[in-house]
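> What follows is work-v4.txt, made up of compact mmCIF, C-alpha atoms:
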```txt
# COMPACT_ATOMS: atom_id res chain seq x y z
CA MET A 172 101.96 92.99 95.87
CA HIS A 173 99.53 94.65 98.21
CA SER A 174 96.83 96.71 96.58
CA GLY A 175 96.31 99.21 99.35
CA ARG A 176 92.92 97.65 99.97
CA TRP A 177 91.44 95.24 102.32
CA ASP A 178 89.49 92.34 100.96
CA GLY A 179 89.61 90.06 103.92
CA GLY A 180 85.86 90.12 104.45
CA PRO A 181 83.00 89.21 102.19
CA LYS A 182 83.60 90.45 98.65
CA THR A 183 81.96 93.74 97.94
CA THR A 184 81.13 95.54 94.72
CA ILE A 185 81.21 99.02 96.19
CA PRO A 186 83.69 101.09 94.14
CA MET A 187 86.69 102.09 96.18
CA THR A 188 88.28 105.50 96.27
CA SER A 189 91.57 105.88 94.40
CA LYS A 190 94.76 105.24 96.31
CA LYS A 191 96.03 108.79 95.79
CA LEU A 192 92.96 110.38 97.27
CA VAL A 193 92.96 107.98 100.20
CA ALA A 194 96.61 108.92 100.88
CA ALA A 195 95.89 112.64 100.68
CA SER A 196 92.91 112.42 103.00
CA SER A 197 94.47 110.12 105.58
CA GLU A 198 95.87 112.82 107.87
CA PRO A 199 92.71 114.97 108.06
CA LEU A 200 90.68 111.78 108.55
CA VAL A 201 92.78 110.65 111.49
CA LEU A 202 92.80 114.12 113.02
CA SER A 203 89.03 114.46 112.61
CA ILE A 204 88.38 111.15 114.31
CA LEU A 205 90.75 111.94 117.17
CA ALA A 206 89.12 115.37 117.53
CA GLN A 207 86.03 113.44 118.66
CA GLY A 208 87.98 111.76 121.44
CA GLU A 209 90.85 109.46 122.30
CA SER A 210 91.14 106.32 120.22
CA TYR A 211 93.49 103.55 119.03
CA GLY A 212 94.55 102.17 115.65
CA TYR A 213 91.97 99.45 115.13
CA ALA A 214 89.08 101.61 116.29
CA ILE A 215 90.17 104.50 114.04
CA ILE A 216 90.10 102.22 111.00
CA GLN A 217 86.74 100.78 111.96
CA ARG A 218 85.38 104.30 112.27
CA VAL A 219 86.67 105.34 108.82
CA ARG A 220 85.11 102.21 107.27
CA GLN A 221 81.83 102.73 109.01
CA ILE A 222 81.47 106.43 108.14
CA SER A 223 82.64 106.03 104.54
CA GLN A 224 80.46 102.91 104.15
CA GLU A 225 83.50 100.83 103.23
CA THR A 226 84.44 103.03 100.26
CA LEU A 227 87.52 104.42 102.01
CA GLN A 228 89.78 101.52 102.80
CA TRP A 229 93.35 101.34 103.93
CA THR A 230 95.49 98.33 104.39
CA ASP A 231 95.29 98.50 108.17
CA GLY A 232 99.04 98.41 108.78
CA MET A 233 99.50 101.59 106.75
CA LEU A 234 97.66 103.63 109.37
CA TYR A 235 100.36 103.25 111.98
CA PRO A 236 103.20 105.06 110.19
CA ILE A 237 100.73 107.93 109.66
CA LEU A 238 99.88 107.99 113.36
CA HIS A 239 103.56 107.95 114.28
CA ARG A 240 104.30 110.77 111.86
CA LEU A 241 101.49 112.91 113.28
CA GLU A 242 102.79 112.16 116.76
CA ARG A 243 106.34 113.13 115.79
CA ASN A 244 105.07 116.40 114.37
CA GLY A 245 103.23 117.11 117.61
CA LEU A 246 99.72 117.03 116.13
CA ILE A 247 98.68 114.07 118.24
CA ALA A 248 99.95 112.57 121.49
CA ALA A 249 100.08 108.92 122.49
CA HIS A 250 100.23 106.85 125.65
CA TRP A 251 100.12 103.15 126.52
CA ASP A 252 97.25 101.85 128.54
CA LYS A 253 95.84 98.48 129.46
CA ALA A 254 93.05 97.43 127.10
CA ASP A 255 90.08 95.29 128.16
CA THR A 256 91.86 92.35 126.51
CA GLY A 257 94.58 92.61 129.16
CA ARG A 258 97.24 93.57 126.62
CA ARG A 259 98.90 96.97 126.37
CA ARG A 260 97.36 99.25 123.79
CA ARG A 261 98.55 102.57 122.43
CA TYR A 262 95.94 105.32 122.62
CA TYR A 263 96.10 108.55 120.67
CA ARG A 264 94.57 111.96 121.26
CA ILE A 265 94.71 115.23 119.36
CA THR A 266 96.87 118.12 120.64
CA GLY A 267 96.38 121.89 120.43
CA ASP A 268 98.63 122.04 117.37
CA GLY A 269 96.65 119.18 115.87
CA THR A 270 93.38 121.04 116.34
CA LYS A 271 94.86 124.06 114.58
CA ALA A 272 96.24 121.91 111.74
CA LEU A 273 92.85 120.25 111.36
CA ALA A 274 91.09 123.64 111.11
CA LYS A 275 93.51 124.62 108.34
CA GLU A 276 93.03 121.32 106.50
CA LYS A 277 89.29 121.73 106.81
CA ARG A 278 89.35 125.16 105.17
CA GLU A 279 91.45 123.80 102.32
CA TRP A 280 89.21 120.81 101.68
CA GLU A 281 86.13 122.98 101.87
CA THR A 282 87.59 125.38 99.31
CA VAL A 283 88.33 122.53 96.92
CA HIS A 284 84.94 120.99 97.51
CA ALA A 285 83.07 124.28 97.06
CA THR A 286 84.90 125.03 93.82
CA LEU A 287 84.24 121.61 92.33
CA ALA A 288 80.62 121.63 93.48
CA GLN A 289 80.03 124.96 91.82
CA LEU A 290 81.60 123.83 88.55
CA TRP A 291 79.55 120.65 88.54
CA SER A 292 76.30 122.38 89.34
CA VAL A 293 76.87 124.68 86.33
CA SER A 294 77.69 121.84 83.98
CA ASN A 295 74.67 119.88 85.18
CA ALA A 296 72.29 122.80 84.60
CA MET B 445 94.90 79.87 122.16
CA HIS B 446 98.39 78.32 122.00
CA GLU B 447 98.01 78.03 118.27
CA LEU B 448 97.22 81.73 118.00
CA ASP B 449 100.25 82.66 120.09
CA ALA B 450 102.44 80.57 117.82
CA ARG B 451 100.99 82.23 114.73
CA VAL B 452 101.46 85.70 116.20
CA ALA B 453 105.04 84.88 117.20
CA GLU B 454 105.83 83.60 113.71
CA TRP B 455 104.29 86.72 112.13
CA ARG B 456 106.20 88.99 114.48
CA ARG B 457 109.43 87.19 113.70
CA LYS B 458 108.91 87.92 109.99
CA LEU B 459 108.14 91.53 110.78
CA ALA B 460 111.26 91.84 112.94
CA SER B 461 113.49 90.40 110.23
CA GLY B 462 112.59 93.38 108.03
CA GLY B 463 114.36 95.57 110.57
CA ALA B 464 112.14 98.59 109.91
CA LEU B 465 110.03 98.38 113.06
CA GLN B 466 110.94 99.05 116.63
CA ASN B 467 109.72 96.78 119.40
CA TRP B 468 106.96 99.07 120.59
CA GLN B 469 105.71 99.43 117.01
CA MET B 470 105.52 95.65 116.67
CA GLU B 471 103.70 95.43 119.97
CA GLU B 472 101.17 97.95 118.70
CA LEU B 473 100.69 96.01 115.46
CA GLU B 474 100.39 92.75 117.37
CA ASP B 475 97.55 94.25 119.36
CA HIS B 476 95.96 95.22 116.03
CA VAL B 477 96.26 91.74 114.53
CA ARG B 478 94.90 90.11 117.67
CA THR B 479 91.94 92.49 117.71
CA ALA B 480 91.29 91.88 114.02
CA TYR B 481 91.49 88.14 114.67
CA ALA B 482 89.01 88.32 117.52
CA HIS B 483 86.56 90.13 115.25
CA ALA B 484 87.19 87.77 112.33
CA LEU B 485 86.34 84.78 114.54
CA ASP B 486 82.71 85.91 114.45
CA GLU B 487 82.71 85.93 110.66
CA TYR B 488 84.67 82.84 109.73
CA ALA B 489 84.09 79.21 110.46
CA SER B 490 87.61 78.14 111.30
CA GLU B 491 90.41 79.66 113.30
CA SER B 492 92.89 79.41 110.44
CA GLN B 493 90.51 81.27 108.12
CA ALA B 494 90.04 83.97 110.73
CA TRP B 495 93.79 84.27 111.16
CA ARG B 496 94.30 84.56 107.41
CA ALA B 497 91.65 87.29 107.23
CA ALA B 498 93.27 89.17 110.12
CA ILE B 499 96.75 89.27 108.62
CA GLU B 500 95.42 90.00 105.14
CA ARG B 501 93.54 92.95 106.49
CA THR B 502 96.59 94.19 108.42
CA GLY B 503 98.72 94.02 105.28
CA CYS B 504 101.58 91.89 104.00
CA VAL B 505 104.79 92.02 106.00
CA ALA B 506 106.86 93.44 103.12
CA ALA B 507 104.42 96.31 102.49
CA ILE B 508 104.22 97.19 106.20
CA SER B 509 108.00 97.14 106.54
CA ALA B 510 108.37 99.39 103.48
CA GLU B 511 105.82 101.84 104.85
CA PHE B 512 107.54 102.01 108.24
CA ALA B 513 110.97 102.36 106.63
CA LYS B 514 109.75 105.50 104.84
CA GLU B 515 108.96 107.06 108.17
CA GLN B 516 112.30 106.37 109.79
CA VAL B 517 113.81 109.78 110.31
CA MET B 518 116.82 110.85 112.29
CA SER B 519 116.36 113.23 115.16
CA PRO B 520 118.75 116.19 115.39
CA LYS B 521 120.10 114.50 118.51
CA SER B 522 121.08 111.28 116.73
CA LYS B 523 122.75 113.31 113.96
CA LEU B 524 124.74 115.15 116.58
CA ALA B 525 125.66 111.86 118.24
CA GLY B 526 127.07 110.48 114.97
CA VAL B 527 129.15 113.56 114.32
CA ALA B 528 130.27 113.69 117.95
CA ILE B 529 131.53 110.10 117.76
CA THR B 530 133.55 110.90 114.64
CA LEU B 531 135.06 114.07 116.05
CA GLY B 532 135.55 112.59 119.51
CA LEU B 533 137.50 109.59 118.22
CA LEU B 534 139.50 111.84 115.93
CA TYR B 535 140.34 114.09 118.86
CA PHE B 536 141.41 111.09 120.90
CA VAL B 537 143.69 109.72 118.17
CA LEU B 538 145.25 113.09 117.45
CA SER B 539 145.82 113.90 121.09
CA THR B 540 147.77 110.68 121.63
CA GLY B 541 150.16 111.51 118.74
CA PRO B 542 153.35 113.57 119.09
CA GLY B 543 152.60 117.24 119.58
CA GLY B 544 148.99 116.58 120.56
CA VAL B 545 145.95 118.25 119.10
CA ALA B 546 147.60 121.67 119.11
CA ARG B 547 149.67 120.62 116.09
CA PHE B 548 146.46 120.35 114.07
CA LEU B 549 145.12 123.76 115.00
CA HIS B 550 146.01 126.58 112.70
CA ILE B 551 143.54 129.44 112.84
CA PRO B 552 144.54 131.20 109.57
CA SER B 553 144.07 127.93 107.63
CA MET B 554 140.65 127.42 109.22
CA ILE B 555 139.59 130.93 108.32
CA PHE B 556 140.91 130.44 104.79
CA VAL B 557 138.81 127.29 104.21
CA LEU B 558 135.70 128.73 105.86
CA ALA B 559 136.03 131.97 103.91
CA ILE B 560 136.13 130.16 100.57
CA VAL B 561 133.23 127.86 101.45
CA CYS B 562 130.97 130.52 102.97
CA GLY B 563 131.86 133.12 100.38
CA GLY B 564 131.31 130.69 97.52
CA LEU B 565 127.96 129.52 98.87
CA VAL B 566 126.65 133.00 99.57
CA SER B 567 127.73 134.33 96.18
CA SER B 568 126.07 131.37 94.44
CA PHE B 569 122.78 131.22 96.35
CA GLY B 570 122.46 134.30 98.58
CA PRO B 571 122.59 134.23 102.38
CA THR B 572 118.90 133.44 102.93
CA LYS B 573 118.90 130.26 100.88
CA VAL B 574 122.20 129.05 102.33
CA ARG B 575 120.88 129.50 105.84
CA ALA B 576 117.61 127.78 104.98
CA ALA B 577 119.37 124.81 103.38
CA LEU B 578 121.71 124.32 106.32
CA ALA B 579 118.90 124.66 108.86
CA ALA B 580 116.69 122.24 106.92
CA SER B 581 119.35 119.58 106.61
CA LEU B 582 120.73 119.83 110.13
CA ARG B 583 117.64 120.51 112.22
CA GLY B 584 114.55 119.51 110.23
CA THR B 585 112.83 116.14 110.54
CA SER B 586 109.64 116.49 108.48
CA PRO B 587 109.38 114.58 105.18
CA LEU B 588 110.34 116.55 102.06
CA GLU B 589 109.09 116.70 98.49
CA THR B 590 111.52 115.90 95.67
CA GLU B 591 111.79 119.57 94.61
CA GLN B 592 112.61 120.73 98.14
CA VAL B 593 115.31 118.10 98.51
CA GLN B 594 116.68 119.05 95.10
CA SER B 595 116.84 122.75 95.87
CA PHE B 596 118.49 122.30 99.29
CA SER B 597 120.77 119.60 98.06
CA ASP B 598 122.11 121.93 95.32
CA VAL B 599 123.40 124.22 98.09
CA ILE B 600 124.84 121.34 100.09
CA THR B 601 126.54 119.76 97.07
CA ARG B 602 128.12 123.09 96.15
CA GLY B 603 129.37 123.40 99.75
CA TYR B 604 130.84 119.90 99.55
CA ARG B 605 132.79 120.72 96.39
CA LEU B 606 133.88 124.12 97.70
CA ALA B 607 135.24 122.54 100.89
CA TRP B 608 137.44 120.09 99.00
CA MET B 609 138.51 122.84 96.61
CA ALA B 610 139.35 125.21 99.48
CA GLY B 611 141.62 122.53 100.92
CA VAL B 612 143.54 122.09 97.67
CA VAL B 613 143.80 125.83 97.04
CA GLY B 614 144.90 126.41 100.63
CA PHE B 615 147.64 123.84 100.19
CA MET B 616 148.89 125.54 97.05
CA VAL B 617 148.76 129.01 98.57
CA GLY B 618 150.73 127.81 101.59
CA LEU B 619 153.25 126.09 99.37
CA ILE B 620 153.77 129.25 97.29
CA GLN B 621 154.22 131.36 100.40
CA MET B 622 156.73 128.92 101.82
CA LEU B 623 158.74 128.34 98.64
CA SER B 624 159.02 132.06 97.97
CA ASN B 625 160.86 132.44 101.25
CA LEU B 626 163.44 129.70 101.67
CA SER B 627 165.94 131.74 103.64
CA ASP B 628 165.55 129.50 106.68
CA PRO B 629 165.66 125.83 105.61
CA SER B 630 164.96 124.70 109.18
CA MET B 631 161.41 125.98 108.81
CA LEU B 632 160.78 123.78 105.78
CA GLY B 633 159.29 120.85 107.67
CA VAL B 634 156.93 122.93 109.77
CA GLY B 635 155.95 124.94 106.70
CA ILE B 636 154.91 121.88 104.69
CA ALA B 637 153.07 120.47 107.72
CA THR B 638 151.10 123.69 108.02
CA CYS B 639 150.26 123.64 104.31
CA ALA B 640 148.78 120.16 104.73
CA LEU B 641 146.28 121.42 107.31
CA CYS B 642 144.09 123.17 104.73
CA PRO B 643 143.27 119.94 102.80
CA LEU B 644 142.60 118.28 106.15
CA TYR B 645 140.10 120.96 107.19
CA GLY B 646 138.53 120.93 103.74
CA ALA B 647 138.10 117.16 103.79
CA LEU B 648 136.59 117.18 107.29
CA LEU B 649 134.19 119.98 106.41
CA ALA B 650 133.17 118.25 103.17
CA GLU B 651 132.73 114.75 104.53
CA VAL B 652 131.59 115.34 108.11
CA LEU B 653 129.32 118.31 107.49
CA PHE B 654 128.22 118.49 103.85
CA ALA B 655 128.17 114.79 102.88
CA ASN B 656 126.15 114.03 106.01
CA ALA B 657 123.84 116.98 105.45
CA ARG B 658 123.07 115.72 101.94
CA GLN B 659 122.35 112.23 103.22
CA TRP B 660 120.08 113.58 105.97
CA LEU B 661 118.11 115.46 103.35
CA GLU B 662 117.77 112.39 101.15
CA ASN B 663 116.67 110.32 104.12
CA ARG B 664 113.64 112.55 104.44
CA LEU B 665 112.59 112.29 100.81
CA ILE B 666 109.01 111.09 100.37
CA PRO B 667 109.19 108.15 97.95
CA SER B 668 106.80 108.73 95.05
```
Would you put the structure from the file into structure tokens?

Amino acid sequence: MHSGRWDGGPKTTIPMTSKKLVAASSEPLVLSILAQGESYGYAIIQRVRQISQETLQWTDGMLYPILHRLERNGLIAAHWDKADTGRRRRYYRITGDGTKALAKEKREWETVHATLAQLWSVSNA
Amino acid sequence: MHELDARVAEWRRKLASGGALQNWQMEELEDHVRTAYAHALDEYASESQAWRAAIERTGCVAAISAEFAKEQVMSPKSKLAGVAITLGLLYFVLSTGPGGVARFLHIPSMIFVLAIVCGGLVSSFGPTKVRAALAASLRGTSPLETEQVQSFSDVITRGYRLAWMAGVVGFMVGLIQMLSNLSDPSMLGVGIATCALCPLYGALLAEVLFANARQWLENRLIPS
């Protein structure tokens, strides 16, 4: 069975975020990355790894159904283009609806984060 | 390079046998695996190790297929196409029979079945919920939570049962009307034929509309 993680590279001891949280954050993550400019599957995953310092890890293949769902719902748009490798590559960019959806997601995550942060700062005091 | 192409082809063949991915989706994944492989070449000593790392990182074929299968949804257009094929073929068959399609059209029977189904649904759930459930199952494409599917599917299931029931009741009502007036025996055949139209309409409504609507809802269920 797959574990929802990637351990193809050198073994690491960094604790990984739970599968549930990774699933819940996948759409805002993808939208946020595409809000910074057009990108493609492999690069999006690299970016998530790099920013989260390898703590947020998907099995790479799982990203694509998410991309296709976002595309179907009109939050992102896609087109084929020739990559520098000579093969065709599918590039994604965020749409107007996607920008709006991202703003909404952002407010929700910030609310959750602010609430938890406040609770924790009280309990730590 | 030939070796890589052979590996990619073999991997793609496995992916295709799952049947969950369309060609363009496999092409996109192939680009991913090849890119991952190119990067892995810098990290690993041998080509076979790099290949193993690339496909491990992309995910096992079964898991990818399962994930894509979850996302397969029907567009309103393809739903319409399915129903159109059913009704179109039916129309063709009926029109070639004696008397043509006109023999199967009986407006009072149609109204009778529709009245029982619509009336029953509205009195059970209220007009707003009935409309929402029908719109969600016929037009919607977004994935649904278990509770949403459950609540809409209650309406649809009730509609399914009502449609069959309306057919049976319509048959009995017609039969009573006919038997209580037997003064003209020559009308007997036509009378019974007309009675049989209600169960036909009920069955079509139940199986073509409601049974499909329930399946379309279930197709969109997010597996937990």
> Kindly give the distance, in Å, that separates CA of Phe615 in chain B and CA of Thr638 in chain B, rounded to a single decimal.
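CA of Thr638 in chain B lies at a distance of 8.6 Å from CA of Phe615 in chain B.
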> Residues at most 9 Å from range 262-265 of chain A, counting all atoms listed in the file, excluding those fewer than 3 positions away in the same chain, as a PyMOL selection string?
chain A and resi 202-203+205-212+238+242+245-252+268-270
> Using all atoms listed in the file, pick whichever of A:Ser189, A:Thr256, A:Ser223, A:Ser197 has the shortest atom-to-atom distance to chain B.
A:Thr256
> What is the CA of Ala579 in chain B-CA of Lys521 in chain B distance in Å, reported with one decimal?
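Separation of CA of Ala579 in chain B and CA of Lys521 in chain B: 14.1 Å.
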> Report as a ChimeraX atom specification the set of chain A residues whose atoms approach chain B to within 12 Å, with distances computed over only C-alpha atoms.
/A:172-181,191,194,211-217,228-245,249-263
> Could you tell me which of B:His446, B:Arg658, B:Arg664, B:Arg575 comes closest to Leu588 in chain B if we count all atoms listed in the file?
B:Arg664
> For range 617-633 of chain B, work out the shell of residues within 12 Å, counting all atoms listed in the file and skipping chain neighbours fewer than 3 positions away, then give it as a PyMOL selection string.
chain B and resi 552-553+556-557+610-614+636-643
> Can you pull out every residue within 8 Å of Ala647 in chain B, counting only C-alpha atoms, but drop anything in the same chain fewer than 2 positions away, and send it as an MDAnalysis selection string?
chainID B and resid 607:608 611 643:645 649:651
